[in-house]
$ cat data-v2.tsv   # TSV, C-alpha atoms
chain	number	residue	atom	x	y	z
A	1	MET	CA	0.00	0.00	0.00
A	2	LYS	CA	2.80	2.44	0.86
A	3	ASP	CA	4.34	1.91	-2.59
A	4	LYS	CA	1.05	2.84	-4.32
A	5	ILE	CA	0.63	5.92	-2.16
A	6	LYS	CA	4.23	6.99	-2.69
A	7	GLU	CA	3.75	6.55	-6.43
A	8	LYS	CA	0.62	8.76	-6.36
A	9	ALA	CA	2.35	11.50	-4.34
A	10	GLN	CA	5.32	11.45	-6.74
A	11	LEU	CA	3.00	11.57	-9.74
A	12	TYR	CA	1.20	14.59	-8.28
A	13	PHE	CA	4.47	16.56	-8.19
A	14	GLU	CA	5.65	15.34	-11.60
A	15	LEU	CA	2.35	16.34	-13.19
A	16	SER	CA	2.47	19.71	-11.43
A	17	ASP	CA	5.44	20.56	-13.65
A	18	THR	CA	3.65	19.73	-16.92
A	19	ALA	CA	-0.12	20.09	-16.41
A	20	ASN	CA	-0.06	23.78	-17.36
A	21	ILE	CA	1.10	22.97	-20.92
A	22	ASN	CA	-0.33	19.49	-21.44
A	23	VAL	CA	-4.10	18.90	-21.25
A	24	LYS	CA	-3.59	15.15	-20.79
A	25	ASP	CA	-1.39	15.80	-17.74
A	26	PHE	CA	-3.94	18.31	-16.40
A	27	ASN	CA	-6.62	15.62	-16.60
A	28	LYS	CA	-4.27	13.12	-14.93
A	29	ILE	CA	-3.58	15.42	-11.99
A	30	ILE	CA	-7.33	15.94	-11.51
A	31	SER	CA	-7.88	12.16	-11.65
A	32	LEU	CA	-5.58	11.72	-8.63
A	33	PHE	CA	-8.27	13.31	-6.41
A	34	ALA	CA	-11.35	11.67	-4.92
A	35	GLU	CA	-14.74	13.15	-5.87
A	36	ASP	CA	-15.14	14.61	-2.36
A	37	ALA	CA	-11.51	15.65	-1.90
A	38	SER	CA	-10.43	18.90	-0.30
A	39	ILE	CA	-7.42	21.16	-0.62
A	40	ILE	CA	-6.15	23.85	1.70
A	41	SER	CA	-3.69	25.79	-0.42
A	42	GLY	CA	-0.56	27.60	0.65
A	43	LEU	CA	-2.57	30.81	0.16
A	44	SER	CA	-5.23	29.53	2.63
A	45	GLU	CA	-7.76	28.83	-0.13
A	46	ASN	CA	-10.28	26.14	0.85
A	47	VAL	CA	-11.29	23.96	-2.08
A	48	ASN	CA	-13.93	21.22	-1.77
A	49	GLY	CA	-15.04	18.64	-4.31
A	50	LYS	CA	-13.84	17.74	-7.79
A	51	GLU	CA	-15.42	20.71	-9.61
A	52	GLU	CA	-13.77	23.24	-7.27
A	53	ILE	CA	-10.48	21.34	-7.59
A	54	ILE	CA	-10.65	21.65	-11.38
A	55	GLN	CA	-11.21	25.42	-11.09
A	56	PHE	CA	-8.45	25.74	-8.49
A	57	PHE	CA	-5.90	24.07	-10.76
A	58	LYS	CA	-7.02	26.07	-13.81
A	59	GLN	CA	-6.35	29.27	-11.85
A	60	PHE	CA	-3.10	27.90	-10.39
A	61	PHE	CA	-1.71	27.01	-13.81
A	62	THR	CA	-2.86	30.33	-15.27
A	63	ARG	CA	-0.83	32.16	-12.58
A	64	ASN	CA	2.20	29.86	-12.90
A	65	LYS	CA	3.45	29.35	-16.45
A	66	GLU	CA	6.57	27.26	-15.74
A	67	LEU	CA	7.30	25.06	-12.73
A	68	LYS	CA	9.99	22.64	-11.66
A	69	HIS	CA	9.55	20.76	-8.39
A	70	PHE	CA	12.10	18.85	-6.33
A	71	PHE	CA	10.62	16.69	-3.60
A	72	ASN	CA	10.96	13.82	-1.13
A	73	VAL	CA	8.05	11.63	-0.03
A	74	HIS	CA	7.97	10.60	3.64
A	75	PHE	CA	5.81	8.34	5.81
A	76	LYS	CA	5.29	8.86	9.51
A	77	ASN	CA	3.02	6.21	10.95
A	78	GLU	CA	0.04	6.36	8.56
A	79	GLN	CA	0.68	9.93	7.45
A	80	VAL	CA	2.19	10.86	4.10
A	81	TYR	CA	4.00	14.13	3.68
A	82	VAL	CA	6.23	15.60	1.02
A	83	ASP	CA	8.99	18.13	1.52
A	84	TRP	CA	9.34	20.17	-1.66
A	85	ALA	CA	10.98	23.10	-3.35
A	86	VAL	CA	9.83	24.71	-6.59
A	87	ALA	CA	11.31	27.19	-9.03
A	88	GLY	CA	8.95	28.84	-11.46
A	89	ARG	CA	7.96	31.66	-13.75
A	90	ASN	CA	4.62	33.39	-13.21
A	91	ILE	CA	2.25	34.88	-15.78
A	92	GLU	CA	4.06	38.25	-15.61
A	93	GLY	CA	7.34	36.54	-16.51
A	94	ASN	CA	8.86	36.93	-13.04
A	95	VAL	CA	10.87	34.04	-11.63
A	96	PHE	CA	10.26	32.78	-8.09
A	97	SER	CA	11.16	29.99	-5.72
A	98	LEU	CA	9.29	28.51	-2.76
A	99	GLN	CA	9.63	25.58	-0.43
A	100	GLY	CA	7.27	23.79	1.84
A	101	ARG	CA	5.54	20.63	2.94
A	102	ASP	CA	2.38	18.99	1.64
A	103	ASP	CA	0.37	16.72	3.92
A	104	PHE	CA	-1.71	14.09	2.10
A	105	GLU	CA	-4.60	11.85	3.14
A	106	PHE	CA	-5.57	9.05	0.75
A	107	ASP	CA	-8.81	7.10	0.57
A	108	SER	CA	-9.15	3.32	0.24
A	109	ASN	CA	-8.84	3.64	-3.58
A	110	ASN	CA	-5.51	5.47	-3.25
A	111	LYS	CA	-7.10	8.74	-4.35
A	112	ILE	CA	-6.13	11.99	-2.65
A	113	LYS	CA	-8.81	12.71	-0.06
A	114	LYS	CA	-7.18	15.75	1.52
A	115	LEU	CA	-4.18	17.91	0.61
A	116	ILE	CA	-2.80	20.60	2.86
A	117	VAL	CA	-0.10	22.80	1.31
A	118	ASN	CA	2.24	24.56	3.72
A	119	ILE	CA	4.68	27.13	2.37
A	120	THR	CA	7.62	27.58	4.74

$ encode --input "data-v2.tsv" --output "structure tokens"
Amino acid sequence: MKDKIKEKAQLYFELSDTANINVKDFNKIISLFAEDASIISGLSENVNGKEEIIQFFKQFFTRNKELKHFFNVHFKNEQVYVDWAVAGRNIEGNVFSLQGRDDFEFDSNNKIKKLIVNIT
């Protein structure tokens, strides 16, 4: 089970680098989430359900034109978290870098049930 979950968390970050320019990858990142999933973004946005998640990622990838993530997936007891850093270029052409930690909860189908993004 841990291997499947680790694979899904890794895929989430890999797709985050390409989903803004590849519709197939955008659809794949959306498919990682359960229908009733929730996200608390690093900007304190609360997103609930698949339709809101689609809109959230459309806005996210509109703001961020290029992204490259580096990350490590960790398990602590039953919790999954990912330490990450990202370099990017926003819609205005400005470059930026951030780092943080994402906390994941997965359902019994290995879909993301809850994602909490913490920018440090």

$ closest_residue --input "data-v2.tsv" --among "A:Ala85, A:Ser44, A:Asn94, A:Val80" --to "A:Asp3" --atoms "all atoms listed in the file"
A:Val80

$ residues_around --input "data-v2.tsv" --residues "stretch 96-108 of chain A" --least-positions-apart "2" --cutoff "8 Å" --atoms "only C-alpha atoms" --output "JSON, numbers by chain"
{"A": [5, 34, 79, 80, 81, 82, 83, 84, 85, 86, 87, 88, 89, 90, 94, 110, 111, 112, 113, 114, 115, 116, 117, 118, 119, 120]}

$ closest_residue --input "data-v2.tsv" --among "A:Ile53, A:Ile91, A:Val47, A:Leu11" --to "A:His69" --atoms "all atoms listed in the file"
A:Leu11

$ residues_around --input "data-v2.tsv" --residues "A:Lys28" --least-positions-apart "2" --cutoff "12 Å" --atoms "all atoms listed in the file" --output "ChimeraX atom specification"
/A:8,11-16,18-20,22-26,30-33,54,57,111

$ write_last_selection --input "data-v2.tsv" --atoms "C-alpha atoms" --output "PDB file, in the coordinates of the input"
ATOM      1  CA  LYS A   8       0.620   8.760  -6.360  1.00  0.00           C
ATOM      2  CA  LEU A  11       3.000  11.570  -9.740  1.00  0.00           C
ATOM      3  CA  TYR A  12       1.200  14.590  -8.280  1.00  0.00           C
ATOM      4  CA  PHE A  13       4.470  16.560  -8.190  1.00  0.00           C
ATOM      5  CA  GLU A  14       5.650  15.340 -11.600  1.00  0.00           C
ATOM      6  CA  LEU A  15       2.350  16.340 -13.190  1.00  0.00           C
ATOM      7  CA  SER A  16       2.470  19.710 -11.430  1.00  0.00           C
ATOM      8  CA  THR A  18       3.650  19.730 -16.920  1.00  0.00           C
ATOM      9  CA  ALA A  19      -0.120  20.090 -16.410  1.00  0.00           C
ATOM     10  CA  ASN A  20      -0.060  23.780 -17.360  1.00  0.00           C
ATOM     11  CA  ASN A  22      -0.330  19.490 -21.440  1.00  0.00           C
ATOM     12  CA  VAL A  23      -4.100  18.900 -21.250  1.00  0.00           C
ATOM     13  CA  LYS A  24      -3.590  15.150 -20.790  1.00  0.00           C
ATOM     14  CA  ASP A  25      -1.390  15.800 -17.740  1.00  0.00           C
ATOM     15  CA  PHE A  26      -3.940  18.310 -16.400  1.00  0.00           C
ATOM     16  CA  ILE A  30      -7.330  15.940 -11.510  1.00  0.00           C
ATOM     17  CA  SER A  31      -7.880  12.160 -11.650  1.00  0.00           C
ATOM     18  CA  LEU A  32      -5.580  11.720  -8.630  1.00  0.00           C
ATOM     19  CA  PHE A  33      -8.270  13.310  -6.410  1.00  0.00           C
ATOM     20  CA  ILE A  54     -10.650  21.650 -11.380  1.00  0.00           C
ATOM     21  CA  PHE A  57      -5.900  24.070 -10.760  1.00  0.00           C
ATOM     22  CA  LYS A 111      -7.100   8.740  -4.350  1.00  0.00           C
TER      23      LYS A 111
END

$ closest_residue --input "data-v2.tsv" --among "A:Gly93, A:Glu45, A:Ala37, A:Lys6" --to "A:Lys65" --atoms "all atoms listed in the file"
A:Gly93

$ atom_distance --input "data-v2.tsv" --atom1 "atom CA of A:Glu66" --atom2 "atom CA of A:Ala9"
19.9 Å

$ atom_distance --input "data-v2.tsv" --atom1 "atom CA of A:Asp36" --atom2 "atom CA of A:Lys50"
6.4 Å

$ atom_distance --input "data-v2.tsv" --atom1 "atom CA of A:Val95" --atom2 "atom CA of A:Phe71"
19.1 Å

$ closest_residue --input "data-v2.tsv" --among "A:Asn46, A:Ile29, A:Gln59, A:Ser41" --to "A:Asp17" --atoms "all atoms listed in the file"
A:Ile29

$ closest_residue --input "data-v2.tsv" --among "A:Ile21, A:Asn48, A:Glu35, A:Leu43" --to "A:Phe61" --atoms "all atoms listed in the file"
A:Ile21

$ closest_residue --input "data-v2.tsv" --among "A:Leu67, A:Ile39, A:Glu92, A:Lys4" --to "A:Gln55" --atoms "all atoms listed in the file"
A:Ile39

$ decode --input "data-v2.tsv" --residues "stretch 82-101 of chain A" --atoms "N, CA and C atoms" --output "short mmCIF file (atom, residue, chain, number, x, y, z; two decimals), in the first residue's frame"
data_model
loop_
_atom_site.label_atom_id
_atom_site.label_comp_id
_atom_site.auth_asym_id
_atom_site.auth_seq_id
_atom_site.Cartn_x
_atom_site.Cartn_y
_atom_site.Cartn_z
N VAL A 82 5.22 15.37 2.04
CA VAL A 82 6.23 15.60 1.02
C VAL A 82 6.90 16.93 1.29
N ASP A 83 8.21 16.91 1.48
CA ASP A 83 8.99 18.13 1.52
C ASP A 83 9.31 18.49 0.08
N TRP A 84 9.15 19.77 -0.26
CA TRP A 84 9.34 20.17 -1.66
C TRP A 84 9.96 21.55 -1.77
N ALA A 85 10.53 21.78 -2.93
CA ALA A 85 10.98 23.10 -3.35
C ALA A 85 10.57 23.24 -4.81
N VAL A 86 10.25 24.47 -5.21
CA VAL A 86 9.83 24.71 -6.59
C VAL A 86 10.47 26.01 -7.08
N ALA A 87 10.89 25.98 -8.32
CA ALA A 87 11.31 27.19 -9.03
C ALA A 87 10.31 27.38 -10.16
N GLY A 88 9.96 28.62 -10.43
CA GLY A 88 8.95 28.84 -11.46
C GLY A 88 9.02 30.21 -12.08
N ARG A 89 8.14 30.38 -13.09
CA ARG A 89 7.96 31.66 -13.75
C ARG A 89 6.45 31.93 -13.77
N ASN A 90 6.05 33.09 -13.26
CA ASN A 90 4.62 33.39 -13.21
C ASN A 90 4.15 34.03 -14.51
N ILE A 91 2.87 34.36 -14.57
CA ILE A 91 2.25 34.88 -15.78
C ILE A 91 2.88 36.21 -16.22
N GLU A 92 3.40 36.99 -15.27
CA GLU A 92 4.06 38.25 -15.61
C GLU A 92 5.48 38.05 -16.11
N GLY A 93 5.98 36.82 -16.07
CA GLY A 93 7.34 36.54 -16.51
C GLY A 93 8.37 36.60 -15.40
N ASN A 94 7.94 36.86 -14.18
CA ASN A 94 8.86 36.93 -13.04
C ASN A 94 9.19 35.53 -12.55
N VAL A 95 10.46 35.32 -12.18
CA VAL A 95 10.87 34.04 -11.63
C VAL A 95 10.69 34.07 -10.11
N PHE A 96 10.46 32.89 -9.54
CA PHE A 96 10.26 32.78 -8.09
C PHE A 96 10.71 31.41 -7.63
N SER A 97 10.89 31.29 -6.32
CA SER A 97 11.16 29.99 -5.72
C SER A 97 10.45 29.94 -4.36
N LEU A 98 9.98 28.76 -4.03
CA LEU A 98 9.29 28.51 -2.76
C LEU A 98 9.70 27.14 -2.25
N GLN A 99 9.48 26.92 -0.98
CA GLN A 99 9.63 25.58 -0.43
C GLN A 99 8.56 25.36 0.61
N GLY A 100 8.30 24.08 0.87
CA GLY A 100 7.27 23.79 1.84
C GLY A 100 7.09 22.31 2.09
N ARG A 101 5.90 22.01 2.61
CA ARG A 101 5.54 20.63 2.94
C ARG A 101 4.07 20.44 2.62
#
